[in-house]
>>> print(open('query_33.tsv').read())   # TSV, C-alpha atoms
chain	number	residue	atom	x	y	z
A	1	MET	CA	113.28	86.95	130.81
A	2	GLU	CA	114.07	84.70	127.92
A	3	GLN	CA	111.61	81.90	127.39
A	4	TYR	CA	112.85	78.49	126.41
A	5	VAL	CA	111.20	75.72	124.47
A	6	THR	CA	112.14	72.07	124.33
A	7	LEU	CA	112.20	70.21	121.06
A	8	THR	CA	113.50	66.91	119.78
A	9	MET	CA	116.01	66.89	116.95
A	10	ASP	CA	117.13	63.53	115.62
A	11	GLY	CA	116.07	61.99	118.91
A	12	ALA	CA	118.09	64.40	121.03
A	13	ARG	CA	116.27	66.82	123.29
A	14	ALA	CA	117.28	70.42	122.91
A	15	ARG	CA	116.36	73.49	124.90
A	16	VAL	CA	116.62	76.72	122.97
A	17	PRO	CA	115.23	80.26	123.33
A	18	ARG	CA	111.79	80.87	121.84
A	19	GLY	CA	111.93	82.45	118.40
A	20	THR	CA	115.11	80.72	117.23
A	21	SER	CA	115.00	78.98	113.89
A	22	VAL	CA	115.37	75.22	113.78
A	23	LEU	CA	118.55	75.64	111.74
A	24	ASP	CA	120.14	77.85	114.40
A	25	ALA	CA	119.04	75.46	117.12
A	26	ALA	CA	120.57	72.51	115.28
A	27	MET	CA	123.83	74.40	114.74
A	28	GLU	CA	123.88	75.31	118.41
A	29	TYR	CA	123.58	71.63	119.31
A	30	GLY	CA	126.24	70.54	116.84
A	31	ILE	CA	123.90	68.98	114.31
A	32	CYS	CA	125.03	69.71	110.78
A	33	ILE	CA	122.29	70.84	108.42
A	34	PRO	CA	123.87	71.92	105.13
A	35	HIS	CA	122.82	75.43	104.19
A	36	LEU	CA	123.81	78.08	101.69
A	37	CYS	CA	121.58	81.13	101.78
A	38	HIS	CA	121.50	81.44	105.57
A	39	ILE	CA	123.57	84.22	107.15
A	40	PRO	CA	123.40	84.43	110.95
A	41	TYR	CA	122.84	88.19	111.19
A	42	LEU	CA	120.32	88.50	108.36
A	43	SER	CA	116.74	87.36	108.00
A	44	ASP	CA	116.09	84.04	106.28
A	45	MET	CA	114.18	83.54	103.08
A	46	GLY	CA	114.56	79.82	102.43
A	47	ALA	CA	115.93	80.36	98.93
A	48	CYS	CA	118.48	77.59	98.53
A	49	ARG	CA	116.25	74.85	100.03
A	50	LEU	CA	119.32	72.94	101.19
A	51	CYS	CA	118.46	73.13	104.87
A	52	ILE	CA	115.28	71.07	104.50
A	53	VAL	CA	114.27	68.91	107.46
A	54	GLU	CA	111.38	66.67	108.31
A	55	HIS	CA	108.97	68.21	110.77
A	56	ILE	CA	106.80	65.53	112.32
A	57	GLU	CA	103.34	66.78	113.12
A	58	ASN	CA	100.46	64.50	114.17
A	59	GLY	CA	102.43	61.52	112.95
A	60	ARG	CA	102.99	63.07	109.54
A	61	ALA	CA	106.36	64.17	108.25
A	62	LYS	CA	106.36	67.53	106.54
A	63	VAL	CA	109.44	68.59	104.61
A	64	THR	CA	110.28	72.24	105.09
A	65	THR	CA	113.27	74.57	105.25
A	66	SER	CA	114.67	74.72	108.74
A	67	CYS	CA	115.91	78.31	108.43
A	68	THR	CA	112.38	79.67	108.14
A	69	LEU	CA	110.90	77.24	110.68
A	70	ARG	CA	110.67	78.64	114.23
A	71	VAL	CA	111.05	76.31	117.18
A	72	GLN	CA	107.92	75.31	119.06
A	73	GLU	CA	107.36	73.45	122.27
A	74	GLY	CA	107.43	69.69	121.78
A	75	MET	CA	108.44	69.89	118.13
A	76	VAL	CA	109.92	66.76	116.55
A	77	ILE	CA	112.54	67.32	113.85
A	78	ARG	CA	114.52	64.84	111.78
A	79	THR	CA	117.44	66.31	109.91
A	80	ASN	CA	119.10	63.34	108.33
A	81	THR	CA	116.65	60.70	107.16
A	82	GLU	CA	117.03	58.81	103.91
A	83	LYS	CA	114.26	60.88	102.35
A	84	ILE	CA	115.84	64.19	103.34
A	85	ARG	CA	119.28	63.10	102.13
A	86	LYS	CA	117.81	62.14	98.77
A	87	LEU	CA	115.93	65.41	98.37
A	88	ARG	CA	118.90	67.44	99.52
A	89	ARG	CA	121.23	65.66	97.12
A	90	ASN	CA	118.91	66.47	94.27
A	91	ILE	CA	118.70	70.14	95.26
A	92	ALA	CA	122.49	70.35	95.52
A	93	GLU	CA	122.76	68.76	92.10
A	94	LEU	CA	120.50	71.42	90.63
A	95	LEU	CA	122.55	74.14	92.28
A	96	VAL	CA	125.79	72.81	90.79
A	97	ALA	CA	124.15	72.57	87.39
A	98	GLU	CA	123.07	76.18	87.71
A	99	ALA	CA	126.44	77.54	88.81
A	100	PRO	CA	129.37	75.10	88.61
A	101	ASN	CA	131.94	77.88	88.85
A	102	SER	CA	131.67	78.32	92.57
A	103	ARG	CA	133.69	76.51	95.17
A	104	ALA	CA	130.97	77.09	97.72
A	105	VAL	CA	128.34	75.39	95.59
A	106	GLN	CA	130.73	72.59	94.58
A	107	ASP	CA	131.67	71.93	98.21
A	108	ILE	CA	128.10	71.89	99.42
A	109	ALA	CA	127.25	69.40	96.69
A	110	VAL	CA	130.04	67.13	97.88
A	111	ARG	CA	128.79	67.55	101.42
A	112	CYS	CA	125.29	66.54	100.34
A	113	GLY	CA	126.66	63.44	98.67
A	114	VAL	CA	126.35	64.38	95.00
A	115	LYS	CA	128.38	61.95	92.93
A	116	GLU	CA	127.36	63.00	89.45
A	117	VAL	CA	125.28	65.79	87.97
A	118	ARG	CA	122.39	64.52	85.89
A	119	TYR	CA	121.27	67.94	84.71
A	120	PRO	CA	122.73	70.01	81.87
A	121	PHE	CA	125.09	72.70	83.12
A	122	ARG	CA	123.53	76.08	82.67
A	123	ASN	CA	126.40	78.13	84.01
A	124	ASN	CA	124.27	81.03	85.18
A	125	ASP	CA	126.79	82.10	87.82
A	126	CYS	CA	123.95	82.86	90.20
A	127	VAL	CA	121.77	80.58	92.29
A	128	LEU	CA	119.46	83.41	93.46
A	129	CYS	CA	120.32	82.76	97.10
A	130	GLY	CA	119.52	86.41	97.83
A	131	ARG	CA	122.46	86.93	100.19
A	132	CYS	CA	123.55	90.08	98.36
A	133	VAL	CA	120.04	91.49	98.25
A	134	ARG	CA	119.45	90.88	101.94
A	135	VAL	CA	122.73	92.38	103.13
A	136	CYS	CA	122.09	95.48	101.01
A	137	THR	CA	118.54	95.83	102.27
A	138	GLU	CA	118.80	94.79	105.89
A	139	MET	CA	122.31	95.57	106.96
A	140	TRP	CA	122.93	98.82	105.08
A	141	GLY	CA	119.39	99.87	104.28
A	142	ALA	CA	120.67	100.92	100.88
A	143	ARG	CA	118.28	98.86	98.75
A	144	ALA	CA	120.53	99.36	95.75
A	145	ILE	CA	119.99	95.85	94.40
A	146	GLY	CA	117.05	93.54	94.32
A	147	PHE	CA	115.36	90.74	92.46
A	148	VAL	CA	114.02	91.73	89.06
A	149	GLY	CA	111.81	89.76	86.72
A	150	ARG	CA	110.00	86.53	87.19
A	151	GLY	CA	110.43	82.83	86.62
A	152	LYS	CA	113.49	81.98	84.60
A	153	GLU	CA	114.09	85.68	83.93
A	154	ARG	CA	114.50	86.42	87.63
A	155	HIS	CA	117.87	87.94	88.40
A	156	VAL	CA	119.58	90.38	90.74
A	157	ASP	CA	119.91	93.86	89.34
A	158	PHE	CA	120.09	97.57	90.08
A	159	PRO	CA	116.96	99.65	89.44
A	160	PHE	CA	116.76	99.91	85.63
A	161	GLY	CA	120.11	98.15	85.44
A	162	VAL	CA	122.10	101.26	86.37
A	163	ARG	CA	124.08	101.63	89.56
A	164	PRO	CA	122.25	104.28	91.62
A	165	ASP	CA	124.10	107.07	93.47
A	166	PHE	CA	123.05	105.70	96.84
A	167	CYS	CA	125.03	102.53	96.22
A	168	LYS	CA	128.28	103.33	97.98
A	169	GLN	CA	130.08	100.38	96.44
A	170	CYS	CA	130.69	98.87	99.86
A	171	SER	CA	131.04	95.43	98.19
A	172	SER	CA	129.16	93.66	100.97
A	173	CYS	CA	127.14	91.98	98.27
A	174	VAL	CA	130.31	90.68	96.62
A	175	ASP	CA	131.79	89.54	99.95
A	176	LEU	CA	128.77	87.38	100.68
A	177	CYS	CA	128.29	86.00	97.18
A	178	PRO	CA	128.98	82.25	97.03
A	179	MET	CA	130.26	82.72	93.47
A	180	THR	CA	133.31	84.77	94.44
A	181	ILE	CA	135.51	81.77	95.16
A	182	THR	CA	136.18	79.76	92.02
A	183	PRO	CA	136.95	76.03	92.14
A	184	CYS	CA	140.57	75.16	93.03
A	185	ASP	CA	141.42	74.47	89.37
A	186	GLY	CA	140.19	77.89	88.33
A	187	PRO	CA	137.08	78.79	86.39
A	188	MET	CA	135.71	76.08	84.14
A	189	LYS	CA	135.56	76.71	80.42
A	190	PRO	CA	132.15	76.64	78.77
A	191	GLY	CA	131.35	73.07	77.82
A	192	GLU	CA	133.81	71.66	80.33
A	193	GLU	CA	131.76	72.18	83.45
A	194	ARG	CA	131.81	69.28	85.81
A	195	LEU	CA	131.40	68.32	89.40
A	196	CYS	CA	134.72	69.15	90.97
A	197	GLY	CA	134.51	66.67	93.86
A	198	LYS	CA	138.05	67.34	95.02
A	199	CYS	CA	137.02	67.67	98.61
A	200	GLU	CA	135.83	64.09	98.96
A	201	SER	CA	138.48	63.50	101.59
A	202	GLN	CA	136.54	65.99	103.68
A	203	LEU	CA	133.41	64.03	102.99
A	204	GLN	CA	134.75	60.90	104.66
A	205	VAL	CA	134.91	62.76	107.94
A	206	THR	CA	131.31	63.83	107.63
A	207	GLU	CA	130.19	60.37	106.55
A	208	GLN	CA	131.75	58.63	109.52
A	209	ILE	CA	129.76	60.76	111.94
A	210	PRO	CA	126.55	61.48	110.06
A	211	ASP	CA	124.45	64.53	110.91
A	212	THR	CA	127.05	65.82	113.32
A	213	CYS	CA	128.94	69.03	112.70
A	214	VAL	CA	132.57	68.00	112.39
A	215	TRP	CA	133.83	71.49	111.55
A	216	CYS	CA	134.65	70.40	108.03
A	217	ASP	CA	136.10	73.00	105.68
A	218	LEU	CA	133.31	72.55	103.17
A	219	GLY	CA	131.53	75.64	104.43
A	220	MET	CA	134.46	78.01	103.99
A	221	GLY	CA	133.35	79.36	100.63
A	222	PHE	CA	130.09	80.70	101.92
A	223	ASN	CA	130.88	81.37	105.60
A	224	CYS	CA	128.92	78.45	107.03
A	225	ALA	CA	127.02	79.59	110.12
A	226	ARG	CA	129.17	77.53	112.47
A	227	GLN	CA	132.27	79.42	111.39
A	228	ALA	CA	130.79	82.83	112.03
B	229	MET	CA	103.18	111.31	80.53
B	230	SER	CA	102.29	114.75	81.83
B	231	ASP	CA	102.82	116.01	85.35
B	232	GLN	CA	99.11	116.59	85.71
B	233	SER	CA	98.07	113.03	85.02
B	234	MET	CA	100.78	111.81	87.38
B	235	ALA	CA	99.46	114.16	90.06
B	236	ALA	CA	95.96	112.78	89.48
B	237	ILE	CA	97.21	109.23	89.93
B	238	LEU	CA	99.02	110.16	93.13
B	239	GLU	CA	96.00	112.05	94.51
B	240	GLY	CA	95.30	110.74	98.01
B	241	ARG	CA	98.05	108.14	97.77
B	242	THR	CA	101.07	110.06	99.04
B	243	SER	CA	103.18	108.08	101.53
B	244	GLN	CA	101.00	104.99	101.18
B	245	PRO	CA	103.28	102.17	100.04
B	246	GLN	CA	100.38	99.72	99.92
B	247	GLN	CA	98.96	101.70	96.98
B	248	LEU	CA	101.92	100.81	94.76
B	249	ILE	CA	100.22	98.18	92.60
B	250	GLU	CA	97.06	100.27	92.19
B	251	ALA	CA	99.12	103.26	91.11
B	252	LEU	CA	101.13	101.13	88.69
B	253	HIS	CA	97.86	99.85	87.20
B	254	ASP	CA	96.71	103.44	86.65
B	255	VAL	CA	99.99	104.37	84.98
B	256	GLN	CA	99.80	101.29	82.78
B	257	GLN	CA	96.25	102.13	81.74
B	258	LEU	CA	97.08	105.76	81.02
B	259	SER	CA	100.32	105.39	79.09
B	260	GLY	CA	100.11	101.79	77.95
B	261	TYR	CA	103.36	101.03	79.71
B	262	ILE	CA	105.34	102.01	82.82
B	263	PRO	CA	107.96	104.65	81.97
B	264	GLN	CA	111.10	104.91	84.11
B	265	GLU	CA	110.25	108.46	85.18
B	266	ALA	CA	106.87	107.28	86.45
B	267	MET	CA	108.57	104.60	88.55
B	268	THR	CA	110.97	107.16	90.00
B	269	THR	CA	108.11	109.54	90.85
B	270	LEU	CA	106.05	106.73	92.40
B	271	SER	CA	109.00	105.64	94.49
B	272	GLN	CA	109.47	109.14	95.86
B	273	GLU	CA	105.81	109.95	96.43
B	274	LEU	CA	104.64	106.62	97.86
B	275	GLY	CA	107.75	106.13	99.95
B	276	VAL	CA	108.71	102.82	98.33
B	277	PRO	CA	112.37	102.12	97.49
B	278	LEU	CA	113.01	102.40	93.77
B	279	ILE	CA	114.20	98.81	93.51
B	280	GLU	CA	110.91	97.64	95.01
B	281	VAL	CA	108.91	99.57	92.43
B	282	TYR	CA	111.08	98.12	89.68
B	283	ARG	CA	110.85	94.64	91.15
B	284	VAL	CA	107.05	94.73	91.30
B	285	ALA	CA	106.70	96.31	87.86
B	286	SER	CA	109.01	93.73	86.29
B	287	PHE	CA	107.33	90.83	88.11
B	288	TYR	CA	103.71	91.18	87.03
B	289	LYS	CA	102.69	90.43	83.47
B	290	ALA	CA	100.05	93.16	83.70
B	291	PHE	CA	102.79	95.79	83.60
B	292	SER	CA	104.87	96.45	80.54
B	293	LEU	CA	108.19	98.25	80.81
B	294	THR	CA	108.43	98.98	77.11
B	295	PRO	CA	105.97	101.10	75.11
B	296	ARG	CA	103.10	99.07	73.74
B	297	GLY	CA	101.15	99.47	70.54
B	298	ARG	CA	97.75	101.12	70.36
B	299	HIS	CA	96.25	97.68	69.72
B	300	VAL	CA	97.27	94.63	71.69
B	301	MET	CA	96.82	91.25	70.08
B	302	THR	CA	97.09	88.19	72.30
B	303	VAL	CA	97.33	84.77	70.69
B	304	CYS	CA	96.60	81.78	72.90
B	305	MET	CA	99.16	78.98	72.57
B	306	GLY	CA	97.55	76.65	75.11
B	307	THR	CA	97.22	72.93	74.45
B	308	ALA	CA	93.64	73.04	73.16
B	309	CYS	CA	94.35	76.01	70.90
B	310	HIS	CA	97.65	74.48	69.80
B	311	VAL	CA	96.10	71.28	68.50
B	312	ARG	CA	93.59	73.34	66.56
B	313	GLY	CA	96.33	75.30	64.82
B	314	ALA	CA	97.29	78.21	67.08
B	315	ALA	CA	100.86	77.93	65.83
B	316	ARG	CA	99.73	78.78	62.27
B	317	VAL	CA	97.63	81.67	63.60
B	318	ALA	CA	100.64	83.03	65.49
B	319	GLU	CA	102.81	82.62	62.39
B	320	GLN	CA	100.29	84.53	60.30
B	321	ALA	CA	100.20	87.31	62.92
B	322	SER	CA	104.01	87.59	63.07
B	323	ALA	CA	104.30	87.59	59.31
B	324	GLN	CA	101.54	90.09	58.67
B	325	LEU	CA	102.65	92.48	61.39
B	326	GLY	CA	106.36	91.90	60.82
B	327	VAL	CA	107.17	91.42	64.52
B	328	GLU	CA	108.13	88.53	66.73
B	329	PRO	CA	105.77	87.59	69.59
B	330	GLY	CA	106.28	90.10	72.39
B	331	GLY	CA	107.26	92.84	69.96
B	332	THR	CA	105.61	96.05	68.84
B	333	THR	CA	105.38	97.23	65.23
B	334	SER	CA	107.62	100.18	64.36
B	335	ASP	CA	104.60	102.43	63.76
B	336	GLY	CA	103.34	101.68	67.28
B	337	GLN	CA	100.08	100.27	65.96
B	338	PHE	CA	100.22	96.65	67.14
B	339	THR	CA	101.73	94.69	69.96
B	340	LEU	CA	101.74	90.94	69.43
B	341	GLU	CA	101.75	88.63	72.42
B	342	CYS	CA	101.64	84.87	72.77
B	343	VAL	CA	100.28	83.51	76.04
B	344	ASN	CA	100.05	80.00	77.38
B	345	CYS	CA	96.32	79.81	78.05
B	346	LEU	CA	93.42	82.23	78.10
B	347	GLY	CA	91.07	79.80	79.80
B	348	ALA	CA	88.67	79.63	76.86
B	349	CYS	CA	89.84	76.28	75.56
B	350	ALA	CA	86.46	75.28	74.10
B	351	LEU	CA	86.62	78.26	71.74
B	352	GLY	CA	90.12	77.63	70.45
B	353	PRO	CA	92.11	78.90	68.74
B	354	VAL	CA	91.46	82.09	70.67
B	355	VAL	CA	92.83	85.54	69.82
B	356	VAL	CA	92.14	88.57	71.98
B	357	LEU	CA	92.27	91.88	70.20
B	358	ASP	CA	91.96	94.94	72.48
B	359	GLY	CA	90.11	92.97	75.12
B	360	VAL	CA	87.64	91.37	72.69
B	361	TYR	CA	87.78	87.57	72.45
B	362	HIS	CA	87.66	86.08	68.97
B	363	ASP	CA	86.94	82.37	68.82
B	364	GLN	CA	87.92	79.66	66.32
B	365	VAL	CA	90.35	81.95	64.58
B	366	THR	CA	91.97	80.82	61.36
B	367	PRO	CA	94.97	82.51	59.74
B	368	ARG	CA	92.57	83.96	57.18
B	369	LYS	CA	90.14	85.34	59.78
B	370	LEU	CA	93.09	86.85	61.61
B	371	GLY	CA	94.35	88.46	58.45
B	372	ARG	CA	90.99	90.14	57.92
B	373	MET	CA	90.95	91.28	61.57
B	374	ILE	CA	94.31	92.99	61.23
B	375	GLU	CA	93.26	94.55	57.93
B	376	SER	CA	90.05	95.95	59.40
B	377	VAL	CA	91.94	97.54	62.33
B	378	ARG	CA	94.42	99.09	59.92
B	379	ARG	CA	91.63	100.38	57.70
B	380	ALA	CA	89.76	101.85	60.68
B	381	GLU	CA	92.90	103.66	61.79
B	382	SER	CA	93.66	105.11	58.37
B	383	GLU	CA	90.04	106.30	58.06
B	384	ASP	CA	90.29	107.96	61.45
B	385	ARG	CA	93.39	109.76	60.28
B	386	LEU	CA	91.56	111.02	57.18
B	387	HIS	CA	88.64	112.37	59.19
B	388	VAL	CA	90.89	114.13	61.70
>>> encode(input="query_33.tsv", output="structure tokens")
Amino acid sequence: MEQYVTLTMDGARARVPRGTSVLDAAMEYGICIPHLCHIPYLSDMGACRLCIVEHIENGRAKVTTSCTLRVQEGMVIRTNTEKIRKLRRNIAELLVAEAPNSRAVQDIAVRCGVKEVRYPFRNNDCVLCGRCVRVCTEMWGARAIGFVGRGKERHVDFPFGVRPDFCKQCSSCVDLCPMTITPCDGPMKPGEERLCGKCESQLQVTEQIPDTCVWCDLGMGFNCARQA
Amino acid sequence: MSDQSMAAILEGRTSQPQQLIEALHDVQQLSGYIPQEAMTTLSQELGVPLIEVYRVASFYKAFSLTPRGRHVMTVCMGTACHVRGAARVAEQASAQLGVEPGGTTSDGQFTLECVNCLGACALGPVVVLDGVYHDQVTPRKLGRMIESVRRAESEDRLHV
């Protein structure tokens, strides 16, 4: 029999099966926690850091990623405090600076309230969310791609940089990549990268009802969990 | 790297994925770097996916994926060493060996590396040559060090 635990999220009591992640629980209850690297049918690695929440323990608030946080009995979670919004905005800003040529990243930045990007655009076309690596490893068991290198040299690659025979070119990695949808105006030229911010009309909906999932279209680019 | 030495490294480790790092260390020690063939063999014998072997080997600084020189020279560029002139020491090393930091001389004699701190700040500038720490190195001292290694090697060649 499935066991249930009761937790408090943003003051609302929720009853969810044991073993669920806080992010899934919040989604289930219609609370919007922006996320990028999370895919419902794959394991979570907390790479994008967008889904951070405050976990209140013994009167202390601990900031952690909700996708890797499992629900516990009596847990208290805050998903939309001023502190979290500020941190999340900064993380989204860094993501846009890293890869401005992605509609998914641009949209999530708008959703997180980024108004300007204070960091130099690096245009790396990869935010190391690990979606491709996880689908290849977990879903297909192919293990054709993985993370290589360390620190700023870390990137996704084939073994020795050559496509191995056991990669069947299923393109699952490409399907899940948040970089595959370019901004509406097309790819940005080097030196002209900017925050697109065209979807601000969408933002007004989310701002009127904060921390509630309003089924905005901002998650289209990366298959937001609520659309799956 | 011969098949025999590879077999010796794999001795008692077959199908034990947890032995990966140990085995990589042995390969590194034996050949001075991790060749692609060695990674492929390790992946098959230990039962670790090839990408995992590559990921681990490329992650740790202890493993080199390109052939290294017979002598490894590490110049500390930490704050304490820097203020005492590590930059000039590194410049001298690059100029005398004719390689950029991280590179290996074309004759395979020296590999030059610059690291951020060796943890011996009181002795700075520190240079480690083949595991031996040299303290308070000046460009001149370093020049003599390189010369003596070169001389020792050429003498060895004469005797053999």
>>> closest_residue(input="query_33.tsv", among="B:Pro277, B:Gly240, B:Gly326, B:Gly260", to="chain A", atoms="only C-alpha atoms")
B:Pro277
>>> closest_residue(input="query_33.tsv", among="A:Asp44, A:Glu28, A:Asp125, A:Asp157", to="chain B", atoms="all atoms listed in the file")
A:Asp157
>>> interface_residues(input="query_33.tsv", of="chain B", to="chain A", cutoff="9 Å", atoms="all atoms listed in the file", output="JSON, numbers by chain")
{"B": [264, 277, 278, 279, 280, 281, 282, 283, 284, 285, 286, 287, 288]}
>>> write_last_selection(input="query_33.tsv", atoms="C-alpha atoms", output="compact mmCIF listing (two decimals), in the coordinates of the input")
# COMPACT_ATOMS: atom_id res chain seq x y z
CA GLN B 264 111.10 104.91 84.11
CA PRO B 277 112.37 102.12 97.49
CA LEU B 278 113.01 102.40 93.77
CA ILE B 279 114.20 98.81 93.51
CA GLU B 280 110.91 97.64 95.01
CA VAL B 281 108.91 99.57 92.43
CA TYR B 282 111.08 98.12 89.68
CA ARG B 283 110.85 94.64 91.15
CA VAL B 284 107.05 94.73 91.30
CA ALA B 285 106.70 96.31 87.86
CA SER B 286 109.01 93.73 86.29
CA PHE B 287 107.33 90.83 88.11
CA TYR B 288 103.71 91.18 87.03
>>> atom_distance(input="query_33.tsv", atom1="CA of Ser292 (chain B)", atom2="CA of Pro263 (chain B)")
8.9 Å
>>> axis_aligned_box(input="query_33.tsv", around="region 268-272 of chain B", padding_each_side="3 Å", output="JSON")
{"center_x": 108.5, "center_y": 107.6, "center_z": 92.9, "size_x": 10.9, "size_y": 9.9, "size_z": 11.9}
>>> residues_around(input="query_33.tsv", residues="Leu218 (chain A)", least_positions_apart="4", cutoff="7 Å", atoms="all atoms listed in the file", output="PyMOL selection string")
chain A and resi 107-108+111
>>> atom_distance(input="query_33.tsv", atom1="CA of Asp10 (chain A)", atom2="CA of Gly74 (chain A)")
13.0 Å
>>> closest_residue(input="query_33.tsv", among="A:Arg18, A:Arg13, A:His35, A:Lys198", to="Phe222 (chain A)", atoms="all atoms listed in the file")
A:His35
>>> closest_residue(input="query_33.tsv", among="B:Leu351, B:Leu252, B:Met373, B:Ile237", to="Ala321 (chain B)", atoms="all atoms listed in the file")
B:Met373
>>> atom_distance(input="query_33.tsv", atom1="CA of Pro34 (chain A)", atom2="CA of Met220 (chain A)")
12.3 Å
>>> residues_around(input="query_33.tsv", residues="Gly113 (chain A)", least_positions_apart="2", cutoff="10 Å", atoms="all atoms listed in the file", output="list in words")
Arg85, Lys86, Arg88, Arg89, Asn90, Ala92, Glu93, Asp107, Ile108, Ala109, Val110, Arg111, Lys115, Glu116, Gly197, Glu200, Leu203 and Glu207 of chain A
>>> residues_around(input="query_33.tsv", residues="Ile84 (chain A)", least_positions_apart="3", cutoff="12 Å", atoms="all atoms listed in the file", output="JSON, numbers by chain")
{"A": [33, 34, 49, 50, 51, 52, 53, 54, 55, 61, 62, 63, 64, 65, 66, 77, 78, 79, 80, 81, 87, 88, 89, 90, 91, 92, 112, 113, 211]}
